[in-house]
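**Student:** Following this line is run-v8.tsv, made up of TSV, C-alpha atoms and all ligand atoms:
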```
chain	number	residue	atom	x	y	z
A	1	MET	CA	-1.73	-10.73	16.07
A	2	GLU	CA	-1.98	-13.10	19.06
A	3	SER	CA	-3.51	-16.51	18.39
A	4	SER	CA	-6.47	-17.64	20.41
A	5	ALA	CA	-4.11	-20.12	22.19
A	6	ASP	CA	-1.76	-17.22	23.26
A	7	GLN	CA	-4.72	-15.28	24.62
A	8	LEU	CA	-5.75	-18.30	26.69
A	9	THR	CA	-2.24	-18.89	28.20
A	10	GLY	CA	-1.23	-15.23	28.56
A	11	ALA	CA	2.00	-15.86	26.52
A	12	SER	CA	3.31	-13.03	24.34
A	13	SER	CA	5.24	-13.26	21.10
A	14	ALA	CA	6.54	-9.64	21.40
A	15	THR	CA	10.36	-9.12	21.54
A	16	PRO	CA	11.46	-8.12	25.12
A	17	PRO	CA	12.26	-4.40	25.35
A	18	LYS	CA	15.88	-3.31	25.89
A	19	LEU	CA	16.06	-2.73	29.63
A	20	GLU	CA	18.24	-0.11	31.29
A	21	ILE	CA	18.15	-1.06	34.94
A	22	GLN	CA	20.36	0.90	37.29
A	23	SER	CA	21.41	-0.74	40.52
A	24	HIS	CA	23.07	0.68	43.58
A	25	GLY	CA	23.89	-1.44	46.59
A	26	SER	CA	25.14	-0.17	49.92
A	27	PRO	CA	25.99	-1.96	53.14
A	28	VAL	CA	23.61	-1.61	56.01
A	29	SER	CA	24.87	-2.59	59.44
A	30	LEU	CA	21.95	-3.90	61.43
A	31	PHE	CA	21.92	-4.67	65.15
A	32	PRO	CA	25.52	-3.63	65.85
A	33	THR	CA	26.93	-4.15	69.35
A	34	VAL	CA	28.81	-0.96	70.10
A	35	CYS	CA	31.54	-1.33	72.71
A	36	PHE	CA	34.19	1.15	73.81
A	37	ILE	CA	37.91	0.91	74.60
A	38	VAL	CA	39.83	3.56	76.53
A	39	GLU	CA	43.56	3.61	77.26
A	40	HIS	CA	44.44	5.83	80.20
A	41	GLN	CA	48.03	7.03	80.51
A	42	GLY	CA	49.68	8.32	83.68
A	43	THR	CA	47.67	6.10	86.00
A	44	GLU	CA	50.62	4.45	87.77
A	45	PRO	CA	50.36	6.30	91.13
A	46	MET	CA	46.60	5.69	91.21
A	47	ASN	CA	47.07	2.02	90.31
A	48	ASP	CA	49.74	1.54	93.00
A	49	GLU	CA	47.35	2.90	95.61
A	50	LEU	CA	44.46	0.81	94.24
A	51	VAL	CA	46.58	-2.36	94.51
A	52	ARG	CA	47.37	-1.52	98.14
A	53	PHE	CA	43.71	-0.72	98.85
A	54	CYS	CA	42.38	-3.88	97.16
A	55	LEU	CA	44.82	-6.16	98.99
A	56	GLU	CA	43.78	-4.61	102.30
A	57	GLN	CA	40.10	-4.93	101.44
A	58	GLU	CA	40.59	-8.58	100.49
A	59	LYS	CA	42.26	-9.20	103.86
A	60	ASN	CA	39.54	-7.49	105.88
A	61	GLN	CA	36.29	-8.16	104.03
A	62	PRO	CA	34.96	-11.54	102.94
A	63	GLY	CA	34.34	-11.73	99.21
A	64	LEU	CA	30.97	-12.26	97.55
A	65	GLN	CA	30.15	-15.72	96.20
A	66	THR	CA	28.75	-15.02	92.74
A	67	GLY	CA	28.97	-18.44	91.10
A	68	SER	CA	30.62	-16.96	88.03
A	69	ILE	CA	34.01	-15.97	89.41
A	70	ARG	CA	36.77	-18.07	90.89
A	71	GLY	CA	38.86	-15.50	92.71
A	72	TYR	CA	38.08	-12.64	95.07
A	73	HIS	CA	34.95	-10.53	94.30
A	74	SER	CA	34.47	-7.57	96.66
A	75	ASN	CA	31.12	-6.13	97.68
A	76	ARG	CA	29.41	-3.90	95.12
A	77	GLN	CA	29.97	-0.69	97.06
A	78	PHE	CA	33.61	-0.32	96.03
A	79	PHE	CA	33.16	3.35	95.07
A	80	ASP	CA	31.67	4.19	98.48
A	81	ASN	CA	35.20	4.19	99.93
A	82	ASP	CA	36.70	7.65	100.38
A	83	ASN	CA	40.25	6.56	99.46
A	84	TRP	CA	41.63	9.15	96.98
A	85	ALA	CA	42.53	6.58	94.29
A	86	VAL	CA	39.11	4.94	94.50
A	87	GLN	CA	37.42	8.33	94.09
A	88	LYS	CA	39.71	9.28	91.20
A	89	LEU	CA	38.86	6.03	89.43
A	90	LYS	CA	35.14	6.64	90.02
A	91	GLU	CA	35.50	10.04	88.36
A	92	LEU	CA	37.36	8.51	85.39
A	93	MET	CA	34.76	5.77	84.96
A	94	MET	CA	31.86	8.22	85.08
A	95	GLY	CA	33.56	10.19	82.29
A	96	ASN	CA	34.16	7.01	80.29
A	97	ALA	CA	30.54	5.96	80.71
A	98	ARG	CA	29.26	9.32	79.50
A	99	ASN	CA	31.51	9.16	76.41
A	100	TYR	CA	30.52	5.55	75.70
A	101	LEU	CA	26.86	6.33	76.18
A	102	GLN	CA	26.98	8.85	73.30
A	103	GLU	CA	28.02	6.06	70.88
A	104	PHE	CA	25.97	3.28	72.46
A	105	TRP	CA	22.82	5.36	72.37
A	106	LYS	CA	23.15	6.21	68.66
A	107	SER	CA	23.02	2.53	67.75
A	108	GLU	CA	20.33	1.54	70.22
A	109	SER	CA	17.68	4.27	70.22
A	110	MET	CA	15.75	6.25	67.61
A	111	THR	CA	15.40	9.17	70.04
A	112	PRO	CA	18.37	11.56	70.11
A	113	LEU	CA	20.13	11.41	73.45
A	114	SER	CA	19.78	15.19	73.71
A	115	ASN	CA	16.00	14.66	73.95
A	116	VAL	CA	16.37	12.67	77.15
A	117	LYS	CA	15.82	15.03	80.05
A	118	ASP	CA	17.44	14.55	83.45
A	119	LEU	CA	19.84	11.92	82.14
A	120	ALA	CA	21.79	10.43	85.03
A	121	LEU	CA	23.93	7.37	85.60
A	122	GLN	CA	23.83	5.37	88.79
A	123	ILE	CA	27.10	3.55	89.29
A	124	SER	CA	28.08	0.48	91.30
A	125	ALA	CA	31.46	-1.23	91.27
A	126	TRP	CA	33.43	-4.13	92.71
A	127	SER	CA	36.98	-5.40	92.59
A	128	VAL	CA	37.92	-8.76	91.07
A	129	MET	CA	41.25	-10.30	92.06
A	130	LEU	CA	42.51	-13.32	90.15
A	131	ARG	CA	45.54	-15.48	90.83
A	132	GLU	CA	46.91	-18.74	89.40
A	133	GLY	CA	44.06	-20.74	87.85
A	134	ASP	CA	41.31	-18.20	88.60
A	135	PHE	CA	38.82	-17.22	85.91
A	136	SER	CA	35.25	-16.08	85.35
A	137	LYS	CA	32.57	-18.13	83.62
A	138	PRO	CA	30.33	-16.63	80.90
A	139	HIS	CA	27.89	-14.22	82.51
A	140	ILE	CA	25.98	-11.01	81.97
A	141	HIS	CA	25.34	-8.12	84.39
A	142	PRO	CA	21.59	-8.11	85.04
A	143	ILE	CA	19.59	-5.03	86.07
A	144	SER	CA	22.11	-2.71	84.45
A	145	HIS	CA	22.38	-0.93	81.09
A	146	ILE	CA	26.09	-0.47	80.39
A	147	SER	CA	29.10	-2.02	82.07
A	148	GLY	CA	32.82	-1.42	82.09
A	149	VAL	CA	35.99	-2.85	83.51
A	150	TYR	CA	39.17	-1.01	84.50
A	151	TYR	CA	42.45	-2.92	84.75
A	152	VAL	CA	44.55	-1.96	87.76
A	153	ILE	CA	47.27	-4.57	87.39
A	154	THR	CA	47.79	-7.54	85.11
A	155	LYS	CA	50.55	-10.04	84.74
A	156	GLU	CA	53.24	-7.87	83.34
A	157	SER	CA	52.54	-6.80	79.84
A	158	ASP	CA	55.51	-8.29	77.97
A	159	GLN	CA	54.66	-11.77	79.24
A	160	GLN	CA	50.91	-11.19	79.02
A	161	SER	CA	50.85	-10.35	75.32
A	162	GLN	CA	52.38	-13.74	74.44
A	163	SER	CA	49.37	-15.72	75.59
A	164	ASP	CA	45.61	-15.56	75.97
A	165	GLU	CA	45.57	-16.27	79.69
A	166	GLY	CA	43.60	-13.77	81.75
A	167	ASN	CA	42.11	-12.26	78.59
A	168	LEU	CA	38.60	-10.83	78.54
A	169	VAL	CA	36.31	-12.44	75.96
A	170	LEU	CA	33.14	-10.76	74.72
A	171	VAL	CA	30.80	-13.33	73.19
A	172	ASP	CA	29.17	-12.79	69.79
A	173	PRO	CA	25.50	-12.24	70.70
A	174	ARG	CA	24.25	-13.33	67.24
A	175	ILE	CA	23.85	-16.95	68.27
A	176	ARG	CA	22.49	-18.03	64.91
A	177	ALA	CA	25.49	-16.60	63.06
A	178	SER	CA	27.43	-19.75	63.85
A	179	VAL	CA	25.09	-22.32	62.25
A	180	ALA	CA	26.96	-22.14	58.92
A	181	PRO	CA	30.36	-20.71	59.87
A	182	LEU	CA	32.56	-19.01	57.28
A	183	LYS	CA	36.29	-19.54	57.00
A	184	ASP	CA	37.91	-17.71	59.91
A	185	GLN	CA	34.55	-16.30	60.88
A	186	LYS	CA	34.78	-13.48	63.38
A	187	SER	CA	33.03	-14.62	66.51
A	188	ASN	CA	34.15	-13.87	70.04
A	189	ALA	CA	36.21	-10.73	70.62
A	190	MET	CA	39.21	-11.06	72.90
A	191	PHE	CA	41.01	-8.29	74.78
A	192	SER	CA	44.39	-8.58	76.42
A	193	PRO	CA	44.17	-6.36	79.50
A	194	LYS	CA	46.81	-3.76	80.31
A	195	ALA	CA	47.00	-1.55	83.38
A	196	GLY	CA	45.06	1.66	82.73
A	197	MET	CA	42.84	0.11	80.05
A	198	VAL	CA	39.03	0.18	80.10
A	199	VAL	CA	36.62	-1.99	78.12
A	200	MET	CA	32.95	-0.97	78.09
A	201	PHE	CA	30.05	-3.01	76.69
A	202	PRO	CA	26.27	-3.40	76.96
A	203	SER	CA	25.42	-5.13	80.26
A	204	TRP	CA	23.46	-7.83	78.44
A	205	LEU	CA	26.54	-8.99	76.50
A	206	ASP	CA	27.90	-12.36	77.64
A	207	HIS	CA	31.56	-12.24	78.66
A	208	PHE	CA	34.12	-14.28	80.53
A	209	VAL	CA	37.78	-14.31	81.57
A	210	LEU	CA	40.19	-17.04	80.50
A	211	PRO	CA	42.09	-18.73	83.35
A	212	PHE	CA	44.93	-16.68	84.75
A	213	LYS	CA	48.12	-18.72	85.04
A	214	GLY	CA	51.47	-18.39	86.71
A	215	GLU	CA	52.58	-16.14	89.48
A	216	GLY	CA	51.20	-12.70	89.97
A	217	LEU	CA	47.93	-10.96	90.49
A	218	ARG	CA	45.32	-9.56	88.14
A	219	ILE	CA	43.11	-6.85	89.62
A	220	SER	CA	40.23	-5.26	87.78
A	221	ILE	CA	37.42	-2.98	88.89
A	222	ALA	CA	34.10	-3.81	87.25
A	223	CYS	CA	31.31	-1.23	87.07
A	224	ASN	CA	27.63	-1.23	86.26
A	225	PHE	CA	25.77	1.88	85.13
A	226	VAL	CA	22.00	2.18	85.38
A	227	LEU	CA	20.34	4.93	83.35
A	228	SER	CA	17.85	7.29	84.93
A	229	PRO	CA	14.14	6.43	84.51
A	230	SER	CA	13.81	9.24	81.94
A	231	ALA	CA	16.10	7.25	79.60
A	232	ILE	CA	14.15	4.01	79.85
A	233	GLN	CA	10.99	2.98	78.01
A	234	ASP	CA	8.31	3.06	80.66
A	235	ASP	CA	5.66	0.89	79.04
B	301	FE	FE	31.40	-9.38	84.32
```
Go ahead and render the structure in this file as structure tokens.
**Tutor:**
Amino acid sequence: MESSADQLTGASSATPPKLEIQSHGSPVSLFPTVCFIVEHQGTEPMNDELVRFCLEQEKNQPGLQTGSIRGYHSNRQFFDNDNWAVQKLKELMMGNARNYLQEFWKSESMTPLSNVKDLALQISAWSVMLREGDFSKPHIHPISHISGVYYVITKESDQQSQSDEGNLVLVDPRIRASVAPLKDQKSNAMFSPKAGMVVMFPSWLDHFVLPFKGEGLRISIACNFVLSPSAIQDD
């Protein structure tokens, strides 16, 4: 029988029951940043023609001043040229973007992609040519949804893999994740470009290119893809 003092304080003298609590934990990945890597094989003839085309374009057309790139940046109508290699690359990049979009969409939207009617991708592209000491500062691609870069030529692969120079760096967008860093915490993701390789990422993701050193030329074709209005929240 509880004393009058126990009643006043709410304390109980009863023995705690034997508890049988079951627990099940499972990882939940929240706010992932889904990117996409493609390795194309058999691109050598196309790349050879793209190198020739890009060098000619650089000679004949002044580059754009973007503020983020030290090197040559062509106009953004690269895919408007009817050169066969340019058109082949456009076709490849449209296919890559459609494949990437399937994965990107799953992590970004609660609506199945199949429910989006009249889905279309509007593409724009430009060449970037880097030589000794050239680089690109951290930047995003505004007014675009997904972006990608195709590597036409890099400093030759055996040498390239030994160092970070000319590498593409995608910046961890979780800025607060670095306030109490863990040992060897994963932060920025770095990619060593190879001819025929494609890296695709959300256009809002900060990225940059480490300075390219030594002799040689690094040519990449960057692309932006804008989704059709039917795929965009309109309110
Ligand atoms: Fe970029």
**Student:** Any residue with an atom at most 7 Å from ligand FE 301 (chain B) counts, using all atoms listed in the file. Which are they? Put them as a PDB file with C-alpha atoms, keeping the file's coordinate frame.
**Tutor:**
```pdb
ATOM      1  CA  HIS A 139      27.890 -14.220  82.510  1.00  0.00           C
ATOM      2  CA  ILE A 140      25.980 -11.010  81.970  1.00  0.00           C
ATOM      3  CA  HIS A 141      25.340  -8.120  84.390  1.00  0.00           C
ATOM      4  CA  HIS A 207      31.560 -12.240  78.660  1.00  0.00           C
ATOM      5  CA  PHE A 208      34.120 -14.280  80.530  1.00  0.00           C
ATOM      6  CA  ALA A 222      34.100  -3.810  87.250  1.00  0.00           C
TER       7      ALA A 222
END
```
**Student:** Excluding Tyr72 in chain A and its own-chain neighbours fewer than 6 positions away, which residues fall within 12 Å of it when counting all atoms listed in the file? Please give them as a PyMOL selection string.
**Tutor:** chain A and resi 54-55+57-59+61-66+126-131+134-136+217-221
**Student:** Return the single residue from A:Arg174, A:Leu89, A:Gly148, A:Leu227 that is closest to Glu44 in chain A, with distances computed using only C-alpha atoms.
**Tutor:**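 With only C-alpha atoms as the atom set, the closest residue is A:Leu89.
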**Student:** Range 52-147 of chain A near range 19-36 of chain A within 10 Å: what's each residue's closest atom pair and its distance in Å to one decimal, counting only C-alpha atoms, ordered by chain then ascending residue number, as a tab-separated table?
**Tutor:**
```
residue	atom	partner	partner_atom	distance
A:Asn96	CA	A:Phe36	CA	8.7
A:Ala97	CA	A:Phe36	CA	9.2
A:Asn99	CA	A:Phe36	CA	8.8
A:Tyr100	CA	A:Phe36	CA	6.0
A:Leu101	CA	A:Phe36	CA	9.3
A:Glu103	CA	A:Val34	CA	7.1
A:Phe104	CA	A:Val34	CA	5.6
A:Trp105	CA	A:Val34	CA	9.0
A:Lys106	CA	A:Val34	CA	9.2
A:Ser107	CA	A:Pro32	CA	6.9
A:Glu108	CA	A:Phe31	CA	8.2
A:Ile146	CA	A:Cys35	CA	9.5
A:Ser147	CA	A:Cys35	CA	9.7
```
**Student:** Quick one: contact table of range 61-150 of chain A to range 189-196 of chain A, 12 Å max, nearest atom pair and distance in Å to one decimal per residue, counting only C-alpha atoms, chain and number order, as CSV?
**Tutor:**
```
residue,atom,partner,partner_atom,distance
A:Leu89,CA,A:Gly196,CA,10.1
A:Leu92,CA,A:Gly196,CA,10.6
A:Met93,CA,A:Gly196,CA,11.3
A:Val149,CA,A:Pro193,CA,9.8
A:Tyr150,CA,A:Gly196,CA,6.7
```
**Student:** If you measure from CA of Ile143 in chain A to CA of Met200 in chain A, what distance in Å do you get, rounded to one decimal?
**Tutor:**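 CA of Ile143 in chain A sits 16.1 Å away from CA of Met200 in chain A.
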**Student:** As an exercise, work out the distance from CA of Leu182 in chain A to CA of Glu165 in chain A in Å and give it to one decimal place.
**Tutor:**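 A separation of 26.1 Å between them.
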**Student:** Taking (25.1, 13.1, 86.8) in the coordinates of the supplied file, I want to know which residues reach to within 12 Å of it, counting only C-alpha atoms; could you give the answer as a PyMOL selection string?
**Tutor:** chain A and resi 91+94-95+97-98+117-123+225-228
**Student:** Using all atoms listed in the file, pick whichever of A:Val38, A:Leu210, A:Ala14, A:Ile232 has the shortest atom-to-atom distance to Pro138 in chain A.
**Tutor:** A:Leu210
**Student:** Quick one: distance from CA of Gly71 in chain A to CA of Val198 in chain A in Å, one decimal?
**Tutor:**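 Result for CA of Gly71 in chain A versus CA of Val198 in chain A: 20.1 Å, one decimal.
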**Student:** Given the point (46.1, 7.2, 85.4) in the file's coordinates, find the residues that have an atom at most 10 Å from it, counting all atoms listed in the file, and give them as a PDB file with C-alpha atoms, in the frame of the given file.
**Tutor:**
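File part.pdb, as written:
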```pdb
ATOM      1  CA  GLU A  39      43.560   3.610  77.260  1.00  0.00           C
ATOM      2  CA  HIS A  40      44.440   5.830  80.200  1.00  0.00           C
ATOM      3  CA  GLN A  41      48.030   7.030  80.510  1.00  0.00           C
ATOM      4  CA  GLY A  42      49.680   8.320  83.680  1.00  0.00           C
ATOM      5  CA  THR A  43      47.670   6.100  86.000  1.00  0.00           C
ATOM      6  CA  GLU A  44      50.620   4.450  87.770  1.00  0.00           C
ATOM      7  CA  PRO A  45      50.360   6.300  91.130  1.00  0.00           C
ATOM      8  CA  MET A  46      46.600   5.690  91.210  1.00  0.00           C
ATOM      9  CA  ASN A  47      47.070   2.020  90.310  1.00  0.00           C
ATOM     10  CA  ALA A  85      42.530   6.580  94.290  1.00  0.00           C
ATOM     11  CA  LYS A  88      39.710   9.280  91.200  1.00  0.00           C
ATOM     12  CA  LEU A  89      38.860   6.030  89.430  1.00  0.00           C
ATOM     13  CA  LEU A  92      37.360   8.510  85.390  1.00  0.00           C
ATOM     14  CA  VAL A 152      44.550  -1.960  87.760  1.00  0.00           C
ATOM     15  CA  ALA A 195      47.000  -1.550  83.380  1.00  0.00           C
ATOM     16  CA  GLY A 196      45.060   1.660  82.730  1.00  0.00           C
ATOM     17  CA  MET A 197      42.840   0.110  80.050  1.00  0.00           C
TER      18      MET A 197
END
```
